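A.B. asks: So here's final-v1.pdb (PDB, C-alpha atoms, pLDDT in the B column).
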```pdb
ATOM      1  CA  MET F 620     -48.991 -25.077  19.479  1.00 52.00           C
ATOM      2  CA  ARG F 621     -45.253 -25.777  19.133  1.00 54.00           C
ATOM      3  CA  PRO F 622     -43.109 -23.213  21.008  1.00 57.00           C
ATOM      4  CA  LEU F 623     -41.293 -20.758  18.739  1.00 46.00           C
ATOM      5  CA  SER F 624     -37.885 -21.638  20.223  1.00 49.00           C
ATOM      6  CA  LEU F 625     -38.452 -25.334  19.413  1.00 42.00           C
ATOM      7  CA  THR F 626     -39.511 -24.484  15.849  1.00 42.00           C
ATOM      8  CA  ILE F 627     -36.354 -22.431  15.298  1.00 42.00           C
ATOM      9  CA  PHE F 628     -34.218 -25.246  16.707  1.00 42.00           C
ATOM     10  CA  LEU F 629     -35.853 -27.830  14.445  1.00 41.00           C
ATOM     11  CA  LEU F 630     -35.393 -25.632  11.366  1.00 45.00           C
ATOM     12  CA  ALA F 631     -31.726 -25.127  12.194  1.00 46.00           C
ATOM     13  CA  ALA F 632     -31.235 -28.860  12.754  1.00 47.00           C
ATOM     14  CA  SER F 633     -32.939 -29.602   9.424  1.00 48.00           C
ATOM     15  CA  ALA F 634     -30.681 -27.132   7.581  1.00 47.00           C
ATOM     16  CA  THR F 635     -27.578 -28.696   9.134  1.00 52.00           C
ATOM     17  CA  ALA F 636     -28.736 -32.193   8.205  1.00 54.00           C
ATOM     18  CA  GLN F 637     -29.036 -31.159   4.549  1.00 82.00           C
ATOM     19  CA  VAL F 638     -25.444 -29.863   4.383  1.00 92.00           C
ATOM     20  CA  PRO F 639     -22.813 -32.594   3.937  1.00 96.00           C
ATOM     21  CA  VAL F 640     -20.002 -33.058   6.440  1.00 97.00           C
ATOM     22  CA  THR F 641     -17.434 -32.849   3.642  1.00 97.00           C
ATOM     23  CA  VAL F 642     -17.498 -32.044  -0.057  1.00 97.00           C
ATOM     24  CA  THR F 643     -14.767 -32.434  -2.654  1.00 98.00           C
ATOM     25  CA  GLY F 644     -14.540 -31.167  -6.205  1.00 97.00           C
ATOM     26  CA  VAL F 645     -13.313 -28.439  -8.528  1.00 97.00           C
ATOM     27  CA  PRO F 646     -14.955 -25.267  -7.175  1.00 97.00           C
ATOM     28  CA  THR F 647     -16.316 -22.108  -8.662  1.00 96.00           C
ATOM     29  CA  VAL F 648     -15.567 -18.886  -6.800  1.00 96.00           C
ATOM     30  CA  THR F 649     -18.439 -16.610  -5.776  1.00 94.00           C
ATOM     31  CA  ASP F 650     -16.317 -14.021  -3.996  1.00 95.00           C
ATOM     32  CA  GLY F 651     -13.188 -13.817  -1.850  1.00 96.00           C
ATOM     33  CA  ASP F 652     -14.508 -16.099   0.894  1.00 97.00           C
ATOM     34  CA  THR F 653     -17.237 -18.146  -0.778  1.00 97.00           C
ATOM     35  CA  LEU F 654     -16.983 -21.230  -2.996  1.00 96.00           C
ATOM     36  CA  GLN F 655     -19.424 -23.598  -4.622  1.00 97.00           C
ATOM     37  CA  ILE F 656     -18.569 -27.279  -5.041  1.00 97.00           C
ATOM     38  CA  ARG F 657     -20.952 -29.717  -6.725  1.00 95.00           C
ATOM     39  CA  GLY F 658     -23.891 -27.501  -5.865  1.00 95.00           C
ATOM     40  CA  VAL F 659     -22.855 -26.986  -2.235  1.00 97.00           C
ATOM     41  CA  LYS F 660     -22.246 -23.360  -1.248  1.00 97.00           C
ATOM     42  CA  VAL F 661     -19.326 -23.019   1.159  1.00 97.00           C
ATOM     43  CA  ARG F 662     -18.615 -19.931   3.258  1.00 97.00           C
ATOM     44  CA  LEU F 663     -15.035 -20.102   4.528  1.00 98.00           C
ATOM     45  CA  HIS F 664     -14.978 -20.423   8.312  1.00 98.00           C
ATOM     46  CA  GLY F 665     -13.339 -17.741  10.464  1.00 98.00           C
ATOM     47  CA  VAL F 666     -12.348 -15.328   7.688  1.00 98.00           C
ATOM     48  CA  ASP F 667     -13.972 -12.339   6.013  1.00 98.00           C
ATOM     49  CA  ALA F 668     -12.806 -11.037   2.630  1.00 98.00           C
ATOM     50  CA  PRO F 669     -13.776  -7.689   1.078  1.00 97.00           C
ATOM     51  CA  GLU F 670     -17.102  -7.784  -0.711  1.00 95.00           C
ATOM     52  CA  SER F 671     -17.172  -8.176  -4.492  1.00 92.00           C
ATOM     53  CA  SER F 672     -18.451  -4.597  -4.864  1.00 93.00           C
ATOM     54  CA  GLN F 673     -15.937  -3.131  -2.408  1.00 95.00           C
ATOM     55  CA  ASN F 674     -13.182  -0.666  -3.332  1.00 96.00           C
ATOM     56  CA  CYS F 675     -10.011   0.150  -1.388  1.00 97.00           C
ATOM     57  CA  ILE F 676      -7.046   2.535  -1.698  1.00 97.00           C
ATOM     58  CA  ARG F 677      -3.534   1.512  -2.751  1.00 96.00           C
ATOM     59  CA  GLY F 678      -0.778   3.874  -3.819  1.00 95.00           C
ATOM     60  CA  GLY F 679      -3.251   6.748  -3.688  1.00 94.00           C
ATOM     61  CA  GLN F 680      -5.498   5.022  -6.265  1.00 95.00           C
ATOM     62  CA  VAL F 681      -8.900   3.368  -5.914  1.00 96.00           C
ATOM     63  CA  TYR F 682      -8.958  -0.320  -6.877  1.00 96.00           C
ATOM     64  CA  GLY F 683     -11.467  -3.154  -6.663  1.00 96.00           C
ATOM     65  CA  CYS F 684     -10.106  -5.003  -3.637  1.00 97.00           C
ATOM     66  CA  GLY F 685     -13.156  -7.275  -3.531  1.00 96.00           C
ATOM     67  CA  ARG F 686     -12.489  -8.395  -7.092  1.00 96.00           C
ATOM     68  CA  GLU F 687      -8.769  -8.855  -6.428  1.00 97.00           C
ATOM     69  CA  ALA F 688      -9.509 -11.025  -3.379  1.00 97.00           C
ATOM     70  CA  ALA F 689     -11.821 -13.193  -5.501  1.00 96.00           C
ATOM     71  CA  PHE F 690      -9.197 -13.425  -8.282  1.00 97.00           C
ATOM     72  CA  ALA F 691      -6.550 -14.484  -5.754  1.00 97.00           C
ATOM     73  CA  LEU F 692      -8.818 -17.265  -4.497  1.00 97.00           C
ATOM     74  CA  ALA F 693      -9.742 -18.294  -8.052  1.00 97.00           C
ATOM     75  CA  ASN F 694      -6.083 -18.503  -9.053  1.00 97.00           C
ATOM     76  CA  LEU F 695      -5.292 -20.675  -6.034  1.00 98.00           C
ATOM     77  CA  VAL F 696      -8.007 -23.259  -6.762  1.00 97.00           C
ATOM     78  CA  GLN F 697      -8.180 -23.109 -10.562  1.00 96.00           C
ATOM     79  CA  ASN F 698      -8.790 -26.578 -12.040  1.00 96.00           C
ATOM     80  CA  LYS F 699      -7.878 -28.207  -8.707  1.00 97.00           C
ATOM     81  CA  ASN F 700      -9.815 -30.436  -6.362  1.00 98.00           C
ATOM     82  CA  VAL F 701     -10.766 -28.726  -3.121  1.00 98.00           C
ATOM     83  CA  THR F 702     -12.026 -30.490  -0.001  1.00 98.00           C
ATOM     84  CA  CYS F 703     -14.164 -28.570   2.492  1.00 98.00           C
ATOM     85  CA  THR F 704     -15.067 -29.849   5.947  1.00 98.00           C
ATOM     86  CA  ARG F 705     -18.115 -28.442   7.684  1.00 98.00           C
ATOM     87  CA  LYS F 706     -17.657 -26.515  10.921  1.00 96.00           C
ATOM     88  CA  ASP F 707     -21.175 -25.084  10.995  1.00 96.00           C
ATOM     89  CA  THR F 708     -24.162 -24.145   8.839  1.00 95.00           C
ATOM     90  CA  ASP F 709     -25.104 -20.486   8.539  1.00 93.00           C
ATOM     91  CA  ARG F 710     -28.564 -18.930   8.522  1.00 91.00           C
ATOM     92  CA  TYR F 711     -28.569 -18.941   4.709  1.00 90.00           C
ATOM     93  CA  GLY F 712     -28.183 -22.710   4.608  1.00 93.00           C
ATOM     94  CA  ARG F 713     -24.560 -22.654   3.474  1.00 95.00           C
ATOM     95  CA  MET F 714     -21.808 -24.890   4.745  1.00 97.00           C
ATOM     96  CA  VAL F 715     -19.354 -22.921   6.885  1.00 97.00           C
ATOM     97  CA  GLY F 716     -16.156 -24.839   6.454  1.00 98.00           C
ATOM     98  CA  VAL F 717     -12.409 -25.162   6.415  1.00 98.00           C
ATOM     99  CA  CYS F 718     -11.189 -25.917   2.899  1.00 98.00           C
ATOM    100  CA  LYS F 719      -7.947 -27.331   1.555  1.00 98.00           C
ATOM    101  CA  VAL F 720      -6.349 -27.506  -1.870  1.00 98.00           C
ATOM    102  CA  GLY F 721      -3.608 -30.114  -1.636  1.00 97.00           C
ATOM    103  CA  THR F 722      -1.936 -29.467   1.726  1.00 97.00           C
ATOM    104  CA  THR F 723      -2.779 -25.740   1.758  1.00 98.00           C
ATOM    105  CA  GLU F 724      -5.573 -24.573   4.029  1.00 98.00           C
ATOM    106  CA  ILE F 725      -7.391 -21.958   1.971  1.00 98.00           C
ATOM    107  CA  ASN F 726      -8.823 -20.026   4.936  1.00 98.00           C
ATOM    108  CA  ARG F 727      -5.372 -19.442   6.432  1.00 98.00           C
ATOM    109  CA  TRP F 728      -3.761 -18.767   3.054  1.00 98.00           C
ATOM    110  CA  LEU F 729      -6.205 -15.932   2.316  1.00 98.00           C
ATOM    111  CA  VAL F 730      -5.375 -14.254   5.636  1.00 98.00           C
ATOM    112  CA  GLU F 731      -1.630 -14.769   5.163  1.00 98.00           C
ATOM    113  CA  GLN F 732      -1.812 -13.173   1.712  1.00 98.00           C
ATOM    114  CA  GLY F 733      -3.759 -10.216   3.113  1.00 98.00           C
ATOM    115  CA  TRP F 734      -6.928 -10.890   1.103  1.00 98.00           C
ATOM    116  CA  ALA F 735      -9.110 -11.774   4.094  1.00 98.00           C
ATOM    117  CA  LEU F 736      -9.322 -10.739   7.748  1.00 98.00           C
ATOM    118  CA  PRO F 737      -9.804 -12.977  10.769  1.00 98.00           C
ATOM    119  CA  TYR F 738     -13.544 -12.950  11.487  1.00 97.00           C
ATOM    120  CA  LEU F 739     -13.165 -12.838  15.260  1.00 95.00           C
ATOM    121  CA  GLU F 740     -16.895 -13.020  15.914  1.00 93.00           C
ATOM    122  CA  TYR F 741     -16.978 -16.404  14.179  1.00 94.00           C
ATOM    123  CA  GLY F 742     -13.891 -18.297  15.293  1.00 95.00           C
ATOM    124  CA  GLY F 743     -11.296 -16.284  13.407  1.00 97.00           C
ATOM    125  CA  GLY F 744      -8.973 -15.910  16.378  1.00 97.00           C
ATOM    126  CA  VAL F 745      -6.980 -18.909  15.127  1.00 97.00           C
ATOM    127  CA  TYR F 746      -5.811 -16.752  12.202  1.00 98.00           C
ATOM    128  CA  ARG F 747      -4.408 -13.810  14.187  1.00 98.00           C
ATOM    129  CA  ASP F 748      -0.844 -15.009  13.584  1.00 98.00           C
ATOM    130  CA  ALA F 749      -1.460 -15.141   9.840  1.00 98.00           C
ATOM    131  CA  GLU F 750      -2.912 -11.630  10.000  1.00 98.00           C
ATOM    132  CA  ALA F 751       0.223 -10.350  11.781  1.00 98.00           C
ATOM    133  CA  ARG F 752       2.439 -11.762   9.034  1.00 98.00           C
ATOM    134  CA  ALA F 753       0.323 -10.184   6.294  1.00 98.00           C
ATOM    135  CA  LYS F 754       0.433  -6.802   8.037  1.00 98.00           C
ATOM    136  CA  ALA F 755       4.191  -6.951   8.535  1.00 98.00           C
ATOM    137  CA  ALA F 756       4.764  -7.770   4.865  1.00 98.00           C
ATOM    138  CA  LYS F 757       2.085  -5.291   3.675  1.00 97.00           C
ATOM    139  CA  ARG F 758       0.448  -7.954   1.550  1.00 98.00           C
ATOM    140  CA  GLY F 759      -2.942  -7.634  -0.112  1.00 98.00           C
ATOM    141  CA  LEU F 760      -5.225  -5.188   1.663  1.00 98.00           C
ATOM    142  CA  TYR F 761      -2.393  -4.074   3.935  1.00 98.00           C
ATOM    143  CA  ALA F 762      -0.599  -2.467   0.974  1.00 97.00           C
ATOM    144  CA  GLY F 763      -3.052   0.415   1.385  1.00 97.00           C
ATOM    145  CA  THR F 764      -6.173   1.400   3.305  1.00 97.00           C
ATOM    146  CA  PHE F 765      -9.479  -0.437   3.472  1.00 97.00           C
ATOM    147  CA  GLN F 766     -12.759  -0.706   5.328  1.00 96.00           C
ATOM    148  CA  ASN F 767     -13.464  -3.871   7.292  1.00 96.00           C
ATOM    149  CA  PRO F 768     -15.898  -5.999   5.250  1.00 96.00           C
ATOM    150  CA  TRP F 769     -18.336  -6.290   8.167  1.00 95.00           C
ATOM    151  CA  ASP F 770     -18.503  -2.490   8.410  1.00 94.00           C
ATOM    152  CA  TYR F 771     -18.926  -2.184   4.640  1.00 94.00           C
ATOM    153  CA  ARG F 772     -21.953  -4.510   4.725  1.00 92.00           C
ATOM    154  CA  LYS F 773     -23.635  -2.447   7.442  1.00 91.00           C
ATOM    155  CA  ASN F 774     -24.001   0.570   5.139  1.00 87.00           C
ATOM    156  CA  PRO F 775     -27.187   0.093   3.044  1.00 84.00           C
ATOM    157  CA  GLN F 776     -25.867   2.640   0.526  1.00 83.00           C
ATOM    158  CA  ASN F 777     -23.122   0.229  -0.546  1.00 83.00           C
ATOM    159  CA  PRO F 778     -23.919  -2.041  -3.510  1.00 77.00           C
ATOM    160  CA  ALA F 779     -25.270  -5.520  -2.800  1.00 65.00           C
ATOM    161  CA  THR F 780     -22.676  -8.247  -2.574  1.00 64.00           C
ATOM    162  CA  ALA F 781     -22.346 -11.524  -4.443  1.00 57.00           C
ATOM    163  CA  GLY F 782     -21.394 -13.784  -1.553  1.00 58.00           C
ATOM    164  CA  THR F 783     -22.966 -12.721   1.730  1.00 53.00           C
ATOM    165  CA  PRO F 784     -26.663 -11.815   1.591  1.00 48.00           C
ATOM    166  CA  ARG F 785     -27.669  -8.684   3.454  1.00 41.00           C
ATOM    167  CA  THR F 786     -30.922  -8.073   5.243  1.00 38.00           C
ATOM    168  CA  ALA F 787     -33.336  -5.948   3.265  1.00 37.00           C
ATOM    169  CA  ALA F 788     -32.853  -2.195   3.540  1.00 37.00           C
ATOM    170  CA  PRO F 789     -34.485   0.781   1.854  1.00 35.00           C
ATOM    171  CA  ALA F 790     -33.134   1.308  -1.634  1.00 37.00           C
ATOM    172  CA  PRO F 791     -30.404   3.963  -1.534  1.00 41.00           C
ATOM    173  CA  ALA F 792     -30.631   7.136  -3.510  1.00 37.00           C
ATOM    174  CA  PRO F 793     -28.510   7.136  -6.670  1.00 41.00           C
ATOM    175  CA  ALA F 794     -24.903   7.998  -5.891  1.00 41.00           C
ATOM    176  CA  SER F 795     -25.067  11.149  -7.984  1.00 40.00           C
ATOM    177  CA  SER F 796     -27.783  12.583  -5.728  1.00 54.00           C
ATOM    178  CA  VAL F 797     -25.930  11.996  -2.452  1.00 71.00           C
ATOM    179  CA  HIS F 798     -23.961  15.040  -1.363  1.00 75.00           C
ATOM    180  CA  TYR F 799     -22.755  16.182   2.034  1.00 74.00           C
ATOM    181  CA  LYS F 800     -21.928  19.861   2.353  1.00 82.00           C
ATOM    182  CA  ASN F 801     -19.537  19.145   5.203  1.00 85.00           C
ATOM    183  CA  CYS F 802     -18.627  16.505   7.776  1.00 83.00           C
ATOM    184  CA  ALA F 803     -21.315  17.709  10.161  1.00 80.00           C
ATOM    185  CA  ALA F 804     -23.912  16.842   7.520  1.00 79.00           C
ATOM    186  CA  ALA F 805     -22.300  13.446   6.874  1.00 72.00           C
ATOM    187  CA  ARG F 806     -22.290  12.638  10.582  1.00 74.00           C
ATOM    188  CA  ALA F 807     -25.890  13.766  10.981  1.00 71.00           C
ATOM    189  CA  ALA F 808     -26.829  11.308   8.194  1.00 71.00           C
ATOM    190  CA  GLY F 809     -24.931   8.517   9.937  1.00 69.00           C
ATOM    191  CA  ALA F 810     -22.605   8.168   6.946  1.00 76.00           C
ATOM    192  CA  ALA F 811     -19.283   9.182   8.518  1.00 78.00           C
ATOM    193  CA  PRO F 812     -16.611   8.141   7.860  1.00 80.00           C
ATOM    194  CA  VAL F 813     -17.194   8.345   4.091  1.00 74.00           C
ATOM    195  CA  ARG F 814     -14.748   6.377   1.949  1.00 71.00           C
ATOM    196  CA  VAL F 815     -13.761   6.657  -1.688  1.00 69.00           C
ATOM    197  CA  GLY F 816     -16.278   4.772  -3.797  1.00 65.00           C
ATOM    198  CA  GLN F 817     -19.131   5.337  -1.369  1.00 71.00           C
ATOM    199  CA  PRO F 818     -22.010   7.695  -2.180  1.00 73.00           C
ATOM    200  CA  GLY F 819     -21.381  11.208  -0.900  1.00 77.00           C
ATOM    201  CA  TYR F 820     -17.591  11.001  -0.814  1.00 73.00           C
ATOM    202  CA  GLY F 821     -15.844  14.192  -1.916  1.00 79.00           C
ATOM    203  CA  THR F 822     -12.347  15.557  -1.547  1.00 79.00           C
ATOM    204  CA  HIS F 823     -13.781  18.485   0.438  1.00 82.00           C
ATOM    205  CA  LEU F 824     -14.511  15.924   3.190  1.00 82.00           C
ATOM    206  CA  ASP F 825     -11.072  14.317   2.969  1.00 74.00           C
ATOM    207  CA  ARG F 826      -8.497  16.864   4.071  1.00 75.00           C
ATOM    208  CA  ASP F 827      -5.537  14.491   4.270  1.00 68.00           C
ATOM    209  CA  ARG F 828      -6.470  12.796   0.959  1.00 67.00           C
ATOM    210  CA  ASP F 829      -6.169   9.280   2.366  1.00 65.00           C
ATOM    211  CA  GLY F 830      -9.441   8.145   0.824  1.00 70.00           C
ATOM    212  CA  VAL F 831     -11.407   8.419   4.061  1.00 74.00           C
ATOM    213  CA  GLY F 832     -13.469  11.551   4.686  1.00 79.00           C
ATOM    214  CA  CYS F 833     -14.784  12.794   8.029  1.00 81.00           C
ATOM    215  CA  GLU F 834     -12.582  10.517  10.120  1.00 76.00           C
TER     216      GLU F 834
END
```
Can you dump the structure from the file as structure tokens?

C.D. replies:
Amino acid sequence: MRPLSLTIFLLAASATAQVPVTVTGVPTVTDGDTLQIRGVKVRLHGVDAPESSQNCIRGGQVYGCGREAAFALANLVQNKNVTCTRKDTDRYGRMVGVCKVGTTEINRWLVEQGWALPYLEYGGGVYRDAEARAKAAKRGLYAGTFQNPWDYRKNPQNPATAGTPRTAAPAPAPASSVHYKNCAAARAAGAAPVRVGQPGYGTHLDRDRDGVGCE
């Protein structure tokens, strides 16, 4: 019998072999950090944008920051040739790459405009300088408050996302049925902090009205 570790290695090597080293074409945008070019799905290396279903706070109002991040990316690449170079292949079989439109590196541009964060766990440290500039100028997400995309994905009560698959989790109760009497109840359920747009959020949990309850 073939050892399990060898089987996993061979599967990973096979997936990598099926993903091209580079791909060029006019892309379609899946979400703020995912493109598709000529049938090849590309997850942008080292950055993490808000999920397509994710909401944030700006000027005291809730807005679809995931949609705005995707629109910003779509506007940048609209009707233009994009070239992506593979850095890795992820567990979903997608190319993980650095992409350029003309002379502009898309990964870095998204961070500089505040529509994506450096994904430090996956090589995003090279974009810390771009992040600092976005913060200083209060661009994109930094114009208000937001939840890190990786934390958003961890909550199974949040809607599924278009770009990054999530491991299966029990179906959440409808939002209308989720209610926390107080922060103690929210913490006991493992839901704290509770943000605007998430099931169970209520102004009675958010004393300073910053969109984040039970901080």

A.B. asks: Applied to this file, what does the PyMOL selection byres ((chain F and resi 761) around 12) return in terms of residues, put as JSON, numbers by chain?

C.D. replies: {"F": [675, 676, 677, 678, 684, 730, 731, 732, 733, 734, 735, 736, 750, 751, 752, 753, 754, 755, 756, 757, 758, 759, 760, 762, 763, 764, 765, 766, 767]}

A.B. asks: Provide the atom CA of Ala803 of chain F to atom CA of Gly819 of chain F distance in Å, to one decimal place.

C.D. replies: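 Spanning atom CA of Ala803 of chain F to atom CA of Gly819 of chain F is a straight-line distance of 12.8 Å.
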
A.B. asks: Quick check, in Å to one decimal: how far apart do atom CA of Val638 of chain F and atom CA of Lys773 of chain F lie?

C.D. replies: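 Result for atom CA of Val638 of chain F versus atom CA of Lys773 of chain F: 27.6 Å, one decimal.
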
A.B. asks: Just the residues within 9 Å of segment 653-666 of chain F, please, counting all atoms listed in the file, with nothing from its chain fewer than 4 positions along; format it as a PyMOL selection string.

C.D. replies: chain F and resi 638-639+642-649+689+701-703+705-709+712-718+725-727+729-730+735-746+782-783

A.B. asks: Would you export the selected residues with C-alpha atoms as a PDB file, in the frame of the given file, please?

C.D. replies:
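Writing the result to selection_25.pdb gives the following:
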```pdb
ATOM      1  CA  VAL F 638     -25.444 -29.863   4.383  1.00 92.00           C
ATOM      2  CA  PRO F 639     -22.813 -32.594   3.937  1.00 96.00           C
ATOM      3  CA  VAL F 642     -17.498 -32.044  -0.057  1.00 97.00           C
ATOM      4  CA  THR F 643     -14.767 -32.434  -2.654  1.00 98.00           C
ATOM      5  CA  GLY F 644     -14.540 -31.167  -6.205  1.00 97.00           C
ATOM      6  CA  VAL F 645     -13.313 -28.439  -8.528  1.00 97.00           C
ATOM      7  CA  PRO F 646     -14.955 -25.267  -7.175  1.00 97.00           C
ATOM      8  CA  THR F 647     -16.316 -22.108  -8.662  1.00 96.00           C
ATOM      9  CA  VAL F 648     -15.567 -18.886  -6.800  1.00 96.00           C
ATOM     10  CA  THR F 649     -18.439 -16.610  -5.776  1.00 94.00           C
ATOM     11  CA  ALA F 689     -11.821 -13.193  -5.501  1.00 96.00           C
ATOM     12  CA  VAL F 701     -10.766 -28.726  -3.121  1.00 98.00           C
ATOM     13  CA  THR F 702     -12.026 -30.490  -0.001  1.00 98.00           C
ATOM     14  CA  CYS F 703     -14.164 -28.570   2.492  1.00 98.00           C
ATOM     15  CA  ARG F 705     -18.115 -28.442   7.684  1.00 98.00           C
ATOM     16  CA  LYS F 706     -17.657 -26.515  10.921  1.00 96.00           C
ATOM     17  CA  ASP F 707     -21.175 -25.084  10.995  1.00 96.00           C
ATOM     18  CA  THR F 708     -24.162 -24.145   8.839  1.00 95.00           C
ATOM     19  CA  ASP F 709     -25.104 -20.486   8.539  1.00 93.00           C
ATOM     20  CA  GLY F 712     -28.183 -22.710   4.608  1.00 93.00           C
ATOM     21  CA  ARG F 713     -24.560 -22.654   3.474  1.00 95.00           C
ATOM     22  CA  MET F 714     -21.808 -24.890   4.745  1.00 97.00           C
ATOM     23  CA  VAL F 715     -19.354 -22.921   6.885  1.00 97.00           C
ATOM     24  CA  GLY F 716     -16.156 -24.839   6.454  1.00 98.00           C
ATOM     25  CA  VAL F 717     -12.409 -25.162   6.415  1.00 98.00           C
ATOM     26  CA  CYS F 718     -11.189 -25.917   2.899  1.00 98.00           C
ATOM     27  CA  ILE F 725      -7.391 -21.958   1.971  1.00 98.00           C
ATOM     28  CA  ASN F 726      -8.823 -20.026   4.936  1.00 98.00           C
ATOM     29  CA  ARG F 727      -5.372 -19.442   6.432  1.00 98.00           C
ATOM     30  CA  LEU F 729      -6.205 -15.932   2.316  1.00 98.00           C
ATOM     31  CA  VAL F 730      -5.375 -14.254   5.636  1.00 98.00           C
ATOM     32  CA  ALA F 735      -9.110 -11.774   4.094  1.00 98.00           C
ATOM     33  CA  LEU F 736      -9.322 -10.739   7.748  1.00 98.00           C
ATOM     34  CA  PRO F 737      -9.804 -12.977  10.769  1.00 98.00           C
ATOM     35  CA  TYR F 738     -13.544 -12.950  11.487  1.00 97.00           C
ATOM     36  CA  LEU F 739     -13.165 -12.838  15.260  1.00 95.00           C
ATOM     37  CA  GLU F 740     -16.895 -13.020  15.914  1.00 93.00           C
ATOM     38  CA  TYR F 741     -16.978 -16.404  14.179  1.00 94.00           C
ATOM     39  CA  GLY F 742     -13.891 -18.297  15.293  1.00 95.00           C
ATOM     40  CA  GLY F 743     -11.296 -16.284  13.407  1.00 97.00           C
ATOM     41  CA  GLY F 744      -8.973 -15.910  16.378  1.00 97.00           C
ATOM     42  CA  VAL F 745      -6.980 -18.909  15.127  1.00 97.00           C
ATOM     43  CA  TYR F 746      -5.811 -16.752  12.202  1.00 98.00           C
ATOM     44  CA  GLY F 782     -21.394 -13.784  -1.553  1.00 58.00           C
ATOM     45  CA  THR F 783     -22.966 -12.721   1.730  1.00 53.00           C
TER      46      THR F 783
END
```

A.B. asks: Return as number ranges by chain the set of residues that the PyMOL selection byres ((chain F and resi 683) around 8) yields on the displayed structure.

C.D. replies: F: 671-675, 681-682, 684-687

A.B. asks: Skipping near chain neighbours, those fewer than 4 positions away, what residues fall within 9 Å of Tyr820 of chain F using only C-alpha atoms, listed as a PyMOL selection string?

C.D. replies: chain F and resi 797-799+813-816+824-825+830-832

A.B. asks: Counting all atoms listed in the file, which residue out of F:Gly651, F:Pro818, F:Gly721, F:Gly679 sits closest to Pro778 of chain F?

C.D. replies: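 With all atoms listed in the file as the atom set, the closest residue is F:Pro818.
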
A.B. asks: Can you work out which one of F:Ala691, F:Gln637, F:Pro669, F:Asp650 has the shortest atom-to-atom distance to Pro768 of chain F, counting all atoms listed in the file?

C.D. replies: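 The closest residue to Pro768 of chain F is F:Pro669.
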
A.B. asks: I'd like the interatomic distance between atom CA of Leu692 of chain F and atom CA of Gln776 of chain F, to a tenth of an Å.

C.D. replies: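 One can read the atom CA of Leu692 of chain F to atom CA of Gln776 of chain F distance as 26.7 Å.
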
A.B. asks: Between F:Thr723, F:Gln680, F:Gln817, F:Thr641, which residue has the minimum interatomic distance to Thr704 of chain F, considering only C-alpha atoms?

C.D. replies: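 Looking at the shortest contact to Thr704 of chain F, the residue is F:Thr641.
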